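work-v1.txt follows (compact mmCIF, C-alpha atoms):
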# COMPACT_ATOMS: atom_id res chain seq x y z
CA MET A 1 -149.11 -0.65 -73.31
CA ASP A 2 -148.50 -2.49 -76.58
CA ILE A 3 -144.77 -1.89 -77.01
CA ARG A 4 -144.61 -3.33 -80.53
CA ARG A 5 -147.33 -0.97 -81.77
CA ASN A 6 -145.91 2.10 -80.01
CA LEU A 7 -142.22 1.39 -80.62
CA PRO A 8 -141.98 3.55 -83.80
CA LEU A 9 -143.39 6.50 -81.86
CA LEU A 10 -140.96 5.94 -78.96
CA MET A 11 -138.08 5.75 -81.45
CA THR A 12 -139.23 8.99 -83.08
CA ILE A 13 -139.35 10.72 -79.70
CA CYS A 14 -135.85 9.53 -78.78
CA PHE A 15 -134.45 10.45 -82.18
CA LEU A 16 -135.84 13.99 -82.09
CA SER A 17 -134.88 14.67 -78.47
CA GLN A 18 -131.36 13.24 -78.88
CA MET A 19 -130.83 15.15 -82.12
CA GLY A 20 -131.87 18.33 -80.34
CA GLY A 21 -129.45 17.70 -77.50
CA PHE A 22 -126.54 17.10 -79.85
CA MET A 23 -127.51 20.05 -82.03
CA ILE A 24 -126.82 22.46 -79.18
CA LEU A 25 -123.73 20.61 -77.90
CA PRO A 26 -121.23 22.23 -80.30
CA LEU A 27 -122.81 25.68 -79.93
CA PHE A 28 -121.64 26.46 -76.40
CA PRO A 29 -118.21 27.80 -77.44
CA LEU A 30 -120.10 30.29 -79.60
CA PHE A 31 -122.13 31.35 -76.59
CA ILE A 32 -118.94 32.45 -74.85
CA GLU A 33 -118.43 35.02 -77.59
CA GLU A 34 -122.13 35.87 -77.93
CA PHE A 35 -122.72 36.72 -74.27
CA GLY A 36 -119.18 37.45 -73.16
CA LEU A 37 -119.31 34.68 -70.56
CA SER A 38 -116.15 33.72 -68.72
CA GLY A 39 -114.78 30.21 -68.74
CA TRP A 40 -115.80 29.80 -65.11
CA MET A 41 -119.39 30.86 -65.81
CA MET A 42 -119.59 28.42 -68.71
CA GLY A 43 -118.33 25.71 -66.39
CA VAL A 44 -121.09 26.53 -63.91
CA ILE A 45 -123.69 26.36 -66.68
CA PHE A 46 -122.39 22.98 -67.82
CA ALA A 47 -122.50 21.73 -64.22
CA LEU A 48 -126.10 22.92 -63.77
CA PHE A 49 -127.18 20.69 -66.64
CA TYR A 50 -125.75 17.64 -64.88
CA VAL A 51 -127.17 18.77 -61.55
CA GLY A 52 -130.56 18.74 -63.22
CA LYS A 53 -129.90 15.24 -64.48
CA VAL A 54 -128.95 14.09 -60.98
CA ILE A 55 -132.12 15.35 -59.33
CA GLY A 56 -134.46 14.61 -62.23
CA GLY A 57 -134.66 10.83 -62.15
CA VAL A 58 -136.60 10.27 -58.92
CA PRO A 59 -139.32 12.87 -59.63
CA ALA A 60 -139.66 11.55 -63.18
CA ALA A 61 -140.19 8.02 -61.88
CA ALA A 62 -142.84 9.23 -59.44
CA ILE A 63 -144.66 11.19 -62.14
CA TYR A 64 -144.47 8.15 -64.43
CA LYS A 65 -146.10 5.95 -61.82
CA LYS A 66 -148.78 8.56 -61.17
CA LEU A 67 -149.62 9.72 -64.70
CA GLY A 68 -148.37 6.90 -66.90
CA GLY A 69 -145.84 6.87 -69.70
CA LYS A 70 -147.74 8.87 -72.32
CA ARG A 71 -148.59 11.87 -70.14
CA THR A 72 -145.14 11.94 -68.56
CA LEU A 73 -143.46 11.90 -71.96
CA ILE A 74 -145.59 14.82 -73.10
CA LEU A 75 -144.73 16.75 -69.92
CA MET A 76 -140.98 16.19 -70.29
CA LEU A 77 -140.99 17.07 -73.98
CA LEU A 78 -142.94 20.28 -73.37
CA LEU A 79 -140.38 21.21 -70.70
CA LEU A 80 -137.60 20.60 -73.21
CA ALA A 81 -139.37 22.76 -75.78
CA VAL A 82 -139.64 25.60 -73.26
CA CYS A 83 -135.92 25.31 -72.48
CA MET A 84 -134.88 25.34 -76.13
CA GLY A 85 -137.10 28.28 -76.95
CA GLY A 86 -135.74 30.05 -73.89
CA PHE A 87 -132.17 29.55 -75.09
CA ALA A 88 -133.04 31.35 -78.33
CA VAL A 89 -134.16 34.51 -76.49
CA SER A 90 -131.89 34.34 -73.44
CA THR A 91 -129.63 37.30 -72.78
CA ALA A 92 -128.58 36.68 -69.15
CA ALA A 93 -126.26 34.03 -67.75
CA VAL A 94 -128.63 33.39 -64.81
CA LEU A 95 -131.54 32.60 -67.11
CA PHE A 96 -129.31 30.47 -69.28
CA GLY A 97 -128.18 28.49 -66.25
CA LEU A 98 -131.77 27.98 -65.07
CA LEU A 99 -132.76 26.70 -68.49
CA ARG A 100 -129.81 24.28 -68.49
CA LEU A 101 -130.91 22.99 -65.09
CA LEU A 102 -134.43 22.36 -66.40
CA GLN A 103 -133.02 20.78 -69.54
CA GLY A 104 -131.11 18.31 -67.38
CA LEU A 105 -134.29 17.48 -65.45
CA ALA A 106 -136.23 16.81 -68.65
CA SER A 107 -133.36 14.87 -70.25
CA THR A 108 -133.10 12.43 -67.38
CA GLY A 109 -136.89 12.26 -67.19
CA LEU A 110 -137.08 11.10 -70.80
CA THR A 111 -134.45 8.42 -70.21
CA VAL A 112 -136.26 7.10 -67.12
CA VAL A 113 -139.69 7.08 -68.74
CA VAL A 114 -138.68 5.48 -72.04
CA ARG A 115 -136.55 2.78 -70.43
CA SER A 116 -139.30 2.12 -67.86
CA ILE A 117 -141.89 1.73 -70.61
CA ILE A 118 -139.65 -0.84 -72.31
CA GLY A 119 -138.96 -2.60 -69.00
CA ASP A 120 -142.63 -2.75 -68.01
CA GLY A 121 -144.10 -3.58 -71.40
CA GLY A 122 -141.40 -5.97 -72.57
CA ASN A 123 -140.20 -9.27 -71.22
CA VAL A 124 -137.00 -11.27 -70.93
CA ASP A 125 -137.31 -12.40 -74.55
CA ASN A 126 -137.51 -8.97 -76.15
CA ARG A 127 -136.28 -6.23 -73.80
CA GLY A 128 -132.80 -6.28 -75.30
CA LEU A 129 -134.16 -5.91 -78.84
CA TYR A 130 -136.52 -3.07 -77.91
CA ASN A 131 -133.80 -1.27 -75.97
CA GLY A 132 -131.62 -1.75 -79.04
CA TYR A 133 -134.12 0.06 -81.23
CA ILE A 134 -134.22 2.92 -78.74
CA SER A 135 -130.41 3.16 -78.65
CA SER A 136 -130.34 3.05 -82.45
CA SER A 137 -132.76 5.96 -82.73
CA GLU A 138 -130.68 7.94 -80.23
CA GLY A 139 -127.60 7.15 -82.31
CA GLY A 140 -129.32 8.61 -85.35
CA GLY A 141 -129.90 11.81 -83.45
CA MET A 142 -126.25 11.88 -82.43
CA VAL A 143 -125.26 11.63 -86.09
CA LEU A 144 -127.48 14.39 -87.49
CA GLY A 145 -127.54 16.85 -84.58
CA PRO A 146 -123.98 18.26 -84.72
CA VAL A 147 -123.97 18.33 -88.52
CA ILE A 148 -127.21 20.32 -88.76
CA SER A 149 -126.37 22.82 -86.02
CA GLY A 150 -122.84 23.34 -87.33
CA TRP A 151 -124.14 24.19 -90.78
CA LEU A 152 -126.86 26.47 -89.42
CA ALA A 153 -124.41 28.34 -87.21
CA LEU A 154 -122.30 29.16 -90.25
CA HIS A 155 -125.16 30.66 -92.23
CA TRP A 156 -127.77 31.88 -89.72
CA PRO A 157 -127.94 33.70 -86.39
CA LEU A 158 -127.12 31.66 -83.33
CA SER A 159 -130.76 31.60 -82.22
CA VAL A 160 -131.90 29.66 -85.29
CA PRO A 161 -130.56 26.22 -84.22
CA PHE A 162 -132.29 26.58 -80.85
CA LEU A 163 -135.56 27.49 -82.54
CA LEU A 164 -135.21 24.43 -84.77
CA VAL A 165 -134.63 22.24 -81.71
CA THR A 166 -137.78 23.75 -80.17
CA VAL A 167 -139.71 22.66 -83.27
CA CYS A 168 -138.19 19.16 -82.96
CA CYS A 169 -139.36 18.93 -79.34
CA LEU A 170 -142.88 19.97 -80.33
CA MET A 171 -142.86 17.35 -83.09
CA ALA A 172 -141.88 14.81 -80.44
CA VAL A 173 -144.85 15.99 -78.34
CA VAL A 174 -147.15 15.22 -81.29
CA ALA A 175 -145.57 11.76 -81.55
CA ALA A 176 -146.14 11.19 -77.82
CA MET A 177 -149.79 12.18 -78.21
CA GLY A 178 -150.15 9.38 -80.76
CA ILE A 179 -149.11 6.68 -78.28
CA LYS A 180 -151.92 4.19 -77.73
CA THR A 181 -152.57 3.17 -74.14
CA SER A 182 -154.92 0.30 -73.36
CA ALA A 183 -157.94 1.02 -71.18
CA PRO A 184 -156.74 -1.24 -68.32
CA ALA A 185 -153.37 0.50 -68.35
CA ARG A 186 -154.99 3.92 -68.15
CA ALA A 187 -157.09 2.79 -65.22
CA ASN A 188 -154.00 1.48 -63.48
CA HIS A 189 -152.14 4.75 -63.99
CA GLU A 190 -155.00 6.77 -62.64
CA SER A 191 -154.76 4.74 -59.47
CA GLY A 192 -150.97 5.17 -59.33
CA SER A 193 -149.75 1.81 -60.66
CA THR A 194 -147.24 1.11 -63.40
CA LEU A 195 -147.54 0.60 -67.12
CA SER A 196 -147.28 -3.16 -67.16
CA ASP A 197 -150.32 -5.36 -67.47
CA HIS A 198 -150.40 -7.61 -64.42
CA PRO A 199 -151.54 -11.21 -64.79
CA LEU A 200 -154.31 -12.64 -62.62
CA GLU A 201 -152.97 -13.40 -59.19
CA ASP A 202 -153.43 -16.60 -57.31
CA PRO A 203 -154.86 -15.55 -53.95
CA SER A 204 -152.95 -18.28 -52.20
CA THR A 205 -149.65 -16.98 -53.45
CA THR A 206 -147.74 -14.31 -51.58
CA VAL A 207 -144.31 -12.94 -52.39
CA THR A 208 -142.61 -10.58 -50.00
CA GLN A 209 -139.75 -8.71 -51.62
CA GLU A 210 -137.08 -7.40 -49.26
CA PRO A 211 -136.10 -3.76 -49.73
CA LEU A 212 -133.39 -3.53 -52.35
CA VAL A 213 -131.46 -1.15 -50.15
CA ASN A 214 -131.71 -1.17 -46.39
CA SER A 215 -129.00 1.34 -45.59
CA ALA A 216 -130.21 4.66 -44.26
CA HIS A 217 -127.19 6.30 -45.90
CA SER A 218 -128.16 5.27 -49.45
CA VAL A 219 -130.51 7.22 -51.66
CA LEU A 220 -131.46 4.03 -53.50
CA HIS A 221 -134.28 2.04 -52.00
CA THR A 222 -137.54 0.35 -52.97
CA ASP A 223 -140.65 -0.74 -51.18
CA LYS A 224 -141.78 -4.22 -50.29
CA VAL A 225 -143.78 -6.09 -52.89
CA VAL A 226 -146.67 -8.23 -51.71
CA GLY A 227 -149.14 -10.18 -53.76
CA SER A 228 -147.08 -10.95 -56.90
CA THR A 229 -147.43 -14.33 -58.54
CA THR A 230 -144.88 -17.10 -58.76
CA SER A 231 -144.40 -19.62 -61.53
CA ASP A 232 -147.43 -21.62 -62.66
CA SER A 233 -145.64 -24.79 -61.67
CA HIS A 234 -145.77 -23.69 -58.00
CA PRO A 235 -149.20 -22.04 -57.68
CA HIS A 236 -149.53 -22.45 -53.91
CA THR A 237 -146.03 -21.53 -52.80
CA THR A 238 -145.43 -18.78 -50.25
CA VAL A 239 -142.04 -17.15 -50.68
CA SER A 240 -140.45 -14.79 -48.20
CA THR A 241 -137.32 -13.94 -50.18
CA ALA A 242 -136.69 -14.45 -53.87
CA PRO A 243 -134.75 -13.12 -56.80
CA PRO A 244 -136.35 -10.02 -58.28
CA LEU A 245 -139.46 -10.97 -60.20
CA SER A 246 -141.45 -9.58 -63.09
CA SER A 247 -145.08 -10.15 -63.84
CA SER A 248 -144.45 -11.22 -67.45
CA PRO A 249 -144.88 -14.98 -67.94
CA SER A 250 -141.50 -15.37 -69.62
CA ASP A 251 -139.89 -13.34 -66.85
CA ALA A 252 -141.39 -15.68 -64.28
CA LYS A 253 -139.79 -18.62 -66.04
CA HIS A 254 -136.49 -16.75 -66.30
CA THR A 255 -136.31 -15.77 -62.66
CA GLN A 256 -137.43 -19.21 -61.52
CA ASP A 257 -134.46 -20.69 -63.37
CA LEU A 258 -132.01 -18.27 -61.74
CA SER A 259 -130.52 -18.57 -58.31
CA THR A 260 -128.45 -15.64 -57.15
CA LYS A 261 -126.00 -15.28 -54.32
CA LEU A 262 -126.42 -11.50 -54.49
CA THR A 263 -128.70 -9.86 -51.98
CA GLN A 264 -131.14 -7.36 -53.40
CA ARG A 265 -129.20 -4.51 -51.85
CA GLN A 266 -126.00 -5.78 -53.47
CA GLN A 267 -127.73 -5.97 -56.84
CA LEU A 268 -128.92 -2.38 -56.73
CA LEU A 269 -125.62 -1.04 -55.41
CA GLY A 270 -123.90 -2.99 -58.18
CA TYR A 271 -126.15 -1.56 -60.88
CA GLY A 272 -125.73 1.95 -59.51
CA THR A 273 -121.95 1.63 -59.27
CA VAL A 274 -121.57 0.29 -62.81
CA HIS A 275 -123.73 3.02 -64.33
CA PHE A 276 -122.00 5.67 -62.24
CA LEU A 277 -118.64 4.56 -63.63
CA GLU A 278 -119.94 4.35 -67.21
CA MET A 279 -121.48 7.83 -67.10
CA SER A 280 -118.31 9.19 -65.50
CA ALA A 281 -116.20 7.81 -68.34
CA TYR A 282 -118.68 9.11 -70.94
CA ALA A 283 -118.66 12.61 -69.43
CA VAL A 284 -114.85 12.70 -69.51
CA PHE A 285 -114.89 11.67 -73.17
CA LEU A 286 -117.49 14.28 -74.17
CA THR A 287 -115.74 17.04 -72.26
CA TYR A 288 -112.11 16.44 -73.21
CA PHE A 289 -111.92 14.53 -76.50
CA ALA A 290 -112.24 17.71 -78.60
CA LEU A 291 -109.41 19.31 -76.59
CA TYR A 292 -107.28 16.19 -76.95
CA ALA A 293 -107.92 16.06 -80.68
CA ALA A 294 -106.99 19.72 -81.12
CA HIS A 295 -103.94 19.96 -78.86
CA ILE A 296 -102.46 16.46 -78.98
CA MET A 297 -103.54 15.05 -82.35
CA HIS A 298 -103.67 18.51 -84.02
CA TRP A 299 -107.01 17.85 -85.71
CA ASP A 300 -109.24 20.55 -87.11
CA PRO A 301 -112.84 20.94 -85.81
CA PHE A 302 -114.35 19.20 -88.84
CA ALA A 303 -112.27 16.06 -88.30
CA THR A 304 -113.25 16.04 -84.63
CA SER A 305 -116.97 16.42 -85.45
CA LEU A 306 -116.65 13.59 -87.95
CA ALA A 307 -115.33 11.33 -85.17
CA PHE A 308 -118.54 11.90 -83.19
CA THR A 309 -120.56 11.25 -86.33
CA VAL A 310 -118.76 7.95 -86.98
CA SER A 311 -119.45 6.82 -83.41
CA GLY A 312 -123.12 7.75 -83.78
CA ILE A 313 -123.44 5.86 -87.06
CA SER A 314 -121.89 2.80 -85.43
CA THR A 315 -124.36 2.92 -82.54
CA LEU A 316 -127.25 3.49 -84.94
CA ALA A 317 -126.38 0.45 -87.02
CA ALA A 318 -125.33 -1.91 -84.23
CA ALA A 319 -127.94 -1.32 -81.51
CA PRO A 320 -130.84 -3.43 -82.88
CA PHE A 321 -128.56 -6.39 -83.64
CA VAL A 322 -126.87 -6.14 -80.25
CA GLY A 323 -130.28 -5.98 -78.56
CA TYR A 324 -131.41 -9.09 -80.42
CA LEU A 325 -128.19 -10.87 -79.42
CA SER A 326 -128.79 -9.84 -75.81
CA ASP A 327 -132.20 -11.51 -75.86
CA ARG A 328 -130.96 -14.68 -77.53
CA LEU A 329 -127.75 -15.03 -75.53
CA GLY A 330 -129.47 -14.32 -72.22
CA ASP A 331 -126.19 -13.31 -70.54
CA ARG A 332 -126.77 -9.57 -70.49
CA LEU A 333 -124.00 -8.79 -68.01
CA LEU A 334 -121.48 -10.44 -70.33
CA LEU A 335 -122.56 -8.12 -73.13
CA CYS A 336 -122.32 -5.14 -70.75
CA MET A 337 -118.74 -6.13 -69.99
CA LEU A 338 -118.01 -6.56 -73.70
CA GLY A 339 -119.44 -3.13 -74.37
CA MET A 340 -117.22 -1.45 -71.80
CA PHE A 341 -114.20 -3.36 -73.16
CA LEU A 342 -114.92 -2.09 -76.69
CA ILE A 343 -115.23 1.47 -75.37
CA GLY A 344 -111.83 0.98 -73.75
CA ILE A 345 -110.39 -0.09 -77.12
CA GLU A 346 -111.71 3.16 -78.60
CA VAL A 347 -109.79 5.17 -76.00
CA VAL A 348 -106.59 3.12 -76.40
CA VAL A 349 -106.66 3.66 -80.17
CA PHE A 350 -106.75 7.46 -80.09
CA LEU A 351 -104.18 7.50 -77.28
CA SER A 352 -101.89 5.42 -79.51
CA THR A 353 -102.19 7.21 -82.85
CA SER A 354 -103.37 10.42 -84.47
CA SER A 355 -104.17 8.72 -87.78
CA HIS A 356 -107.63 9.74 -88.89
CA LEU A 357 -108.39 6.31 -90.31
CA TRP A 358 -107.40 4.37 -87.21
CA VAL A 359 -109.12 6.76 -84.82
CA TYR A 360 -112.32 6.50 -86.86
CA VAL A 361 -112.04 2.71 -86.73
CA GLY A 362 -111.71 3.03 -82.98
CA MET A 363 -114.82 5.21 -82.90
CA LEU A 364 -116.71 2.55 -84.85
CA ILE A 365 -115.67 -0.04 -82.26
CA GLY A 366 -116.59 2.28 -79.39
CA GLY A 367 -120.02 2.94 -80.92
CA VAL A 368 -120.71 -0.79 -80.95
CA GLY A 369 -119.52 -0.93 -77.34
CA GLY A 370 -121.92 1.80 -76.31
CA ALA A 371 -124.80 -0.09 -77.91
CA CYS A 372 -123.77 -3.32 -76.16
CA TYR A 373 -123.72 -1.64 -72.78
CA MET A 374 -126.88 0.48 -72.97
CA ASP A 375 -129.06 -2.21 -74.54
CA SER A 376 -128.06 -4.96 -72.15
CA PHE A 377 -127.82 -2.86 -68.97
CA PHE A 378 -131.39 -1.57 -69.00
CA ALA A 379 -132.73 -4.89 -70.28
CA HIS A 380 -130.97 -6.66 -67.38
CA ILE A 381 -132.59 -4.29 -64.89
CA GLY A 382 -135.96 -4.94 -66.52
CA ASP A 383 -135.41 -8.68 -66.07
CA HIS A 384 -134.45 -8.50 -62.39
CA ILE A 385 -136.41 -5.64 -60.83
CA PRO A 386 -140.10 -6.18 -59.88
CA ASP A 387 -142.74 -4.29 -61.85
CA GLU A 388 -143.86 -2.32 -58.81
CA SER A 389 -140.36 -0.93 -58.24
CA ARG A 390 -138.85 -0.86 -61.73
CA SER A 391 -139.46 2.75 -62.76
CA SER A 392 -138.42 4.02 -59.32
CA VAL A 393 -135.22 1.96 -59.37
CA ILE A 394 -134.31 3.07 -62.89
CA GLY A 395 -134.90 6.69 -61.87
CA LYS A 396 -132.64 6.39 -58.84
CA ILE A 397 -129.90 4.58 -60.76
CA VAL A 398 -129.93 7.14 -63.57
CA SER A 399 -129.92 10.09 -61.17
CA ALA A 400 -127.16 8.66 -58.97
CA ALA A 401 -125.07 7.86 -62.05
CA GLU A 402 -125.28 11.45 -63.26
CA ILE A 403 -123.31 12.48 -60.17
CA GLY A 404 -120.40 10.91 -62.01
CA SER A 405 -121.02 13.29 -64.91
CA ILE A 406 -120.39 16.18 -62.52
CA VAL A 407 -117.49 14.75 -60.52
CA SER A 408 -115.42 13.03 -63.21
CA PRO A 409 -114.81 16.11 -65.42
CA LEU A 410 -113.68 18.00 -62.32
CA VAL A 411 -111.26 15.22 -61.42
CA ALA A 412 -110.08 15.17 -65.02
CA ALA A 413 -109.54 18.95 -64.89
CA LEU A 414 -107.28 18.53 -61.86
CA LEU A 415 -105.36 15.77 -63.64
CA MET A 416 -104.91 18.05 -66.65
CA GLU A 417 -103.57 20.81 -64.38
CA VAL A 418 -101.00 18.59 -62.69
CA GLY A 419 -100.38 16.28 -65.63
CA SER A 420 -101.59 16.42 -69.20
CA LEU A 421 -104.56 15.62 -71.44
CA TYR A 422 -103.05 12.17 -71.81
CA SER A 423 -103.48 11.53 -68.08
CA VAL A 424 -107.16 12.50 -68.39
CA PHE A 425 -107.82 9.52 -70.65
CA VAL A 426 -105.70 7.21 -68.54
CA PHE A 427 -108.18 8.13 -65.79
CA ASN A 428 -110.94 7.34 -68.29
CA LEU A 429 -109.51 3.87 -68.86
CA VAL A 430 -109.33 3.28 -65.11
CA LEU A 431 -113.04 4.07 -64.79
CA ILE A 432 -113.84 1.63 -67.60
CA ALA A 433 -111.67 -1.11 -66.06
CA VAL A 434 -113.29 -0.76 -62.64
CA ALA A 435 -116.76 -0.93 -64.25
CA ILE A 436 -115.81 -4.19 -65.97
CA VAL A 437 -114.50 -5.64 -62.71
CA VAL A 438 -117.70 -4.76 -60.83
CA GLN A 439 -119.81 -6.37 -63.55
CA ALA A 440 -117.59 -9.46 -63.55
CA VAL A 441 -118.07 -9.82 -59.79
CA MET A 442 -121.84 -9.47 -60.13
CA ARG A 443 -121.94 -11.97 -62.97
CA SER A 444 -119.89 -14.49 -61.00
CA ARG A 445 -122.48 -14.40 -58.23
CA TYR A 446 -125.25 -15.50 -60.56
CA LYS A 447 -125.66 -19.17 -61.32
CA THR A 448 -128.21 -21.32 -63.11
CA LYS A 449 -129.97 -24.05 -61.21
CA PRO A 450 -129.24 -27.52 -62.54
CA VAL A 451 -132.20 -29.00 -64.40

For this file, write the structure as structure tokens.
Amino acid sequence: MDIRRNLPLLMTICFLSQMGGFMILPLFPLFIEEFGLSGWMMGVIFALFYVGKVIGGVPAAAIYKKLGGKRTLILMLLLLAVCMGGFAVSTAAVLFGLLRLLQGLASTGLTVVVRSIIGDGGNVDNRGLYNGYISSSEGGGMVLGPVISGWLALHWPLSVPFLLVTVCCLMAVVAAMGIKTSAPARANHESGSTLSDHPLEDPSTTVTQEPLVNSAHSVLHTDKVVGSTTSDSHPHTTVSTAPPLSSSPSDAKHTQDLSTKLTQRQQLLGYGTVHFLEMSAYAVFLTYFALYAAHIMHWDPFATSLAFTVSGISTLAAAPFVGYLSDRLGDRLLLCMLGMFLIGIEVVVFLSTSSHLWVYVGMLIGGVGGACYMDSFFAHIGDHIPDESRSSVIGKIVSAAEIGSIVSPLVAALLMEVGSLYSVFVFNLVLIAVAIVVQAVMRSRYKTKPV
């Protein structure tokens, strides 16, 4: 797939889907009044969304490998459209919960497919930039979604925002239909291969890739890779173990220049742990910031919504530049660490003051941090995971990380019961700090071969 040609369509899809997700985010308190749902039932419905996200990554990766990026995107977007339309006509908590479960499946599916397309079609020189454009488009959706739905809810019945989101999903389907797939790529997908265009292989070259995870207790594992090429400077080399390779020429040069002390299992467990911690911290923020703003900082709902908007604008503006920096700097893990550090600053700021100005400045900093992390994290995986396993690995990492989105709010709820809302965000800072430490350990185990 020609990523450069299809990038505007991918950005449109991400913008529309993210805007839809954030349009319905502020509407759930209204649903409590609309359907008379208890707080416990609403908690179950929220949890079902994240359960769907946990179990959605692996099937999405398998469908992607079988059908290809274009068809899988269309499938996931149609599923989202069905969910959003179902919300508009739902009258029962059971149906609402089922739709939330399916929404979580489709949401994770979109993340896996889009990031896999970038990973497969890009290379070490441009993955950060392309991931930056995707994060920027998602940031735009985060900015507009809450504003639009909040205004609609004031002037129209509650079903109208959901119907509008359904239309957005169908527009995204049209955009996905416009994606151009090369004939060789289509042939590869029909036979079950990935999106990337593989270079001609030297028959004398054999690379055997050890399974990334060998433990029977881990859900993350990949298959052996045989028959990939090595660098052109070593056309007749047989390698039994090697750092993770990609078929892109620039990736081959990049991985040849890298020597890692990390085993492949350690790499994958490291990636999964870092993303688990990041998603845990993000879930705590989304769940409890509005409560903290209302009860501790004594903000009104408009001021709180504006904080989310400021963060989204920051991500929208920063993501392409951060992605470009990630490609040029080459040290993607360092940028991941910087991103998590900036997110930590955001939390420290609103724990330290209730000043609107300073909290909004903190949100600007945190938005940049989110762009740094997301752009560099998925680009780093694209650089270090083989083509044959990339979509599957991304799916497993994303799904496993969403477990944190279920567990961390529950832990935070217990902390709030025995402590206060302040202790919830101290827990948030601990998650961020541990994520930085794990990334620092991983980064320290990489080294560049002397020339």

Non-local contacts of Ser314 of chain A (9 Å; all atoms listed in the file; under 4 positions in same chain excluded) as a JSON list (two decimals) with C-alpha atoms, keeping the file's coordinate frame:
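As a result, selection_3.json now contains:
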[["chain", "number", "residue", "atom", "x", "y", "z"],
["A", 136, "SER", "CA", -130.34, 3.05, -82.45],
["A", 139, "GLY", "CA", -127.60, 7.15, -82.31],
["A", 309, "THR", "CA", -120.56, 11.25, -86.33],
["A", 310, "VAL", "CA", -118.76, 7.95, -86.98],
["A", 318, "ALA", "CA", -125.33, -1.91, -84.23],
["A", 319, "ALA", "CA", -127.94, -1.32, -81.51],
["A", 363, "MET", "CA", -114.82, 5.21, -82.90],
["A", 364, "LEU", "CA", -116.71, 2.55, -84.85],
["A", 365, "ILE", "CA", -115.67, -0.04, -82.26],
["A", 366, "GLY", "CA", -116.59, 2.28, -79.39],
["A", 367, "GLY", "CA", -120.02, 2.94, -80.92],
["A", 368, "VAL", "CA", -120.71, -0.79, -80.95],
["A", 371, "ALA", "CA", -124.80, -0.09, -77.91]]

Point to revise | Polymer residues at most 7 Å from Pro409 of chain A, only C-alpha atoms, same-chain spacing of 3 or more positions, as a PyMOL selection string | key: chain A and resi 283-284+287+405-406+412-413

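The nearest approach to Gly145 of chain A among the residues A:Ile313, A:Val58, A:Met171, A:Leu101, with all atoms listed in the file taken into account, belongs to A:Ile313.
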
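For the pair atom CA of Ala281 of chain A and atom CA of Ala293 of chain A, the separation is 17.0 Å.
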
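Atom CA of Leu421 of chain A sits 24.5 Å away from atom CA of Val274 of chain A.
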
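Ranking A:Gly344, A:His356, A:Leu163, A:Thr12 by their shortest atom-to-atom distance to Asp300 of chain A, with all atoms listed in the file included, puts A:His356 first.
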
Practice item. List the neighbours of Ile394 of chain A out to 8 Å using all atoms listed in the file; skip same-chain residues closer than 4 positions along the sequence, and give me the result as a count of residues only. Key: 8

Check your understanding: Using only C-alpha atoms, which of the listed residues (A:Phe425, A:Phe35, A:Trp299, A:Trp156) sits closest to Phe285 of chain A?
Key -> A:Phe425

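Residues lying within 7 Å of Gly272 of chain A, counting all atoms listed in the file and ignoring same-chain neighbours fewer than 2 positions away, are Leu268, Leu269, Gly270, Val274, His275, Phe276, Ile397, Ala400 and Ala401 of chain A.
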
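Atom CA of Arg332 of chain A to atom CA of Val143 of chain A spans 26.4 Å [interatomic distance, one decimal].
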
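Near (-101.7, 17.4, -81.1), the residues that fall inside 12 Å on the basis of only C-alpha atoms are Phe289, Ala290, Leu291, Tyr292, Ala293, Ala294, His295, Ile296, Met297, His298, Trp299, Asp300, Phe350, Leu351, Thr353, Ser354, Ser355, Ser420, Leu421 and Tyr422 of chain A.
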
Exercise for review: For Ala435 of chain A, list every protein, DNA or RNA residue within 7 Å, evaluated using only C-alpha atoms, and leave out those in the same chain fewer than 4 positions away; present the list as a PyMOL selection string.
Suggested key: chain A and resi 274+277-278+431+439

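Comparing the minimum interatomic distances between Ile74 of chain A and each of A:Ala172, A:Leu357, A:Leu7, A:Leu158, counting only C-alpha atoms, we find that A:Ala172 sits nearest.
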
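Here the question is which of A:Ala379, A:Leu48, A:Ile345, A:Ile403 gets nearest to Ile432 of chain A using all atoms listed in the file, and that residue is A:Ile345.
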
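Nearest-residue note for Ala60 of chain A: choosing from A:Cys168, A:Ile45, A:Val393, A:Met142, the minimum distance belongs to A:Val393, counting all atoms listed in the file.
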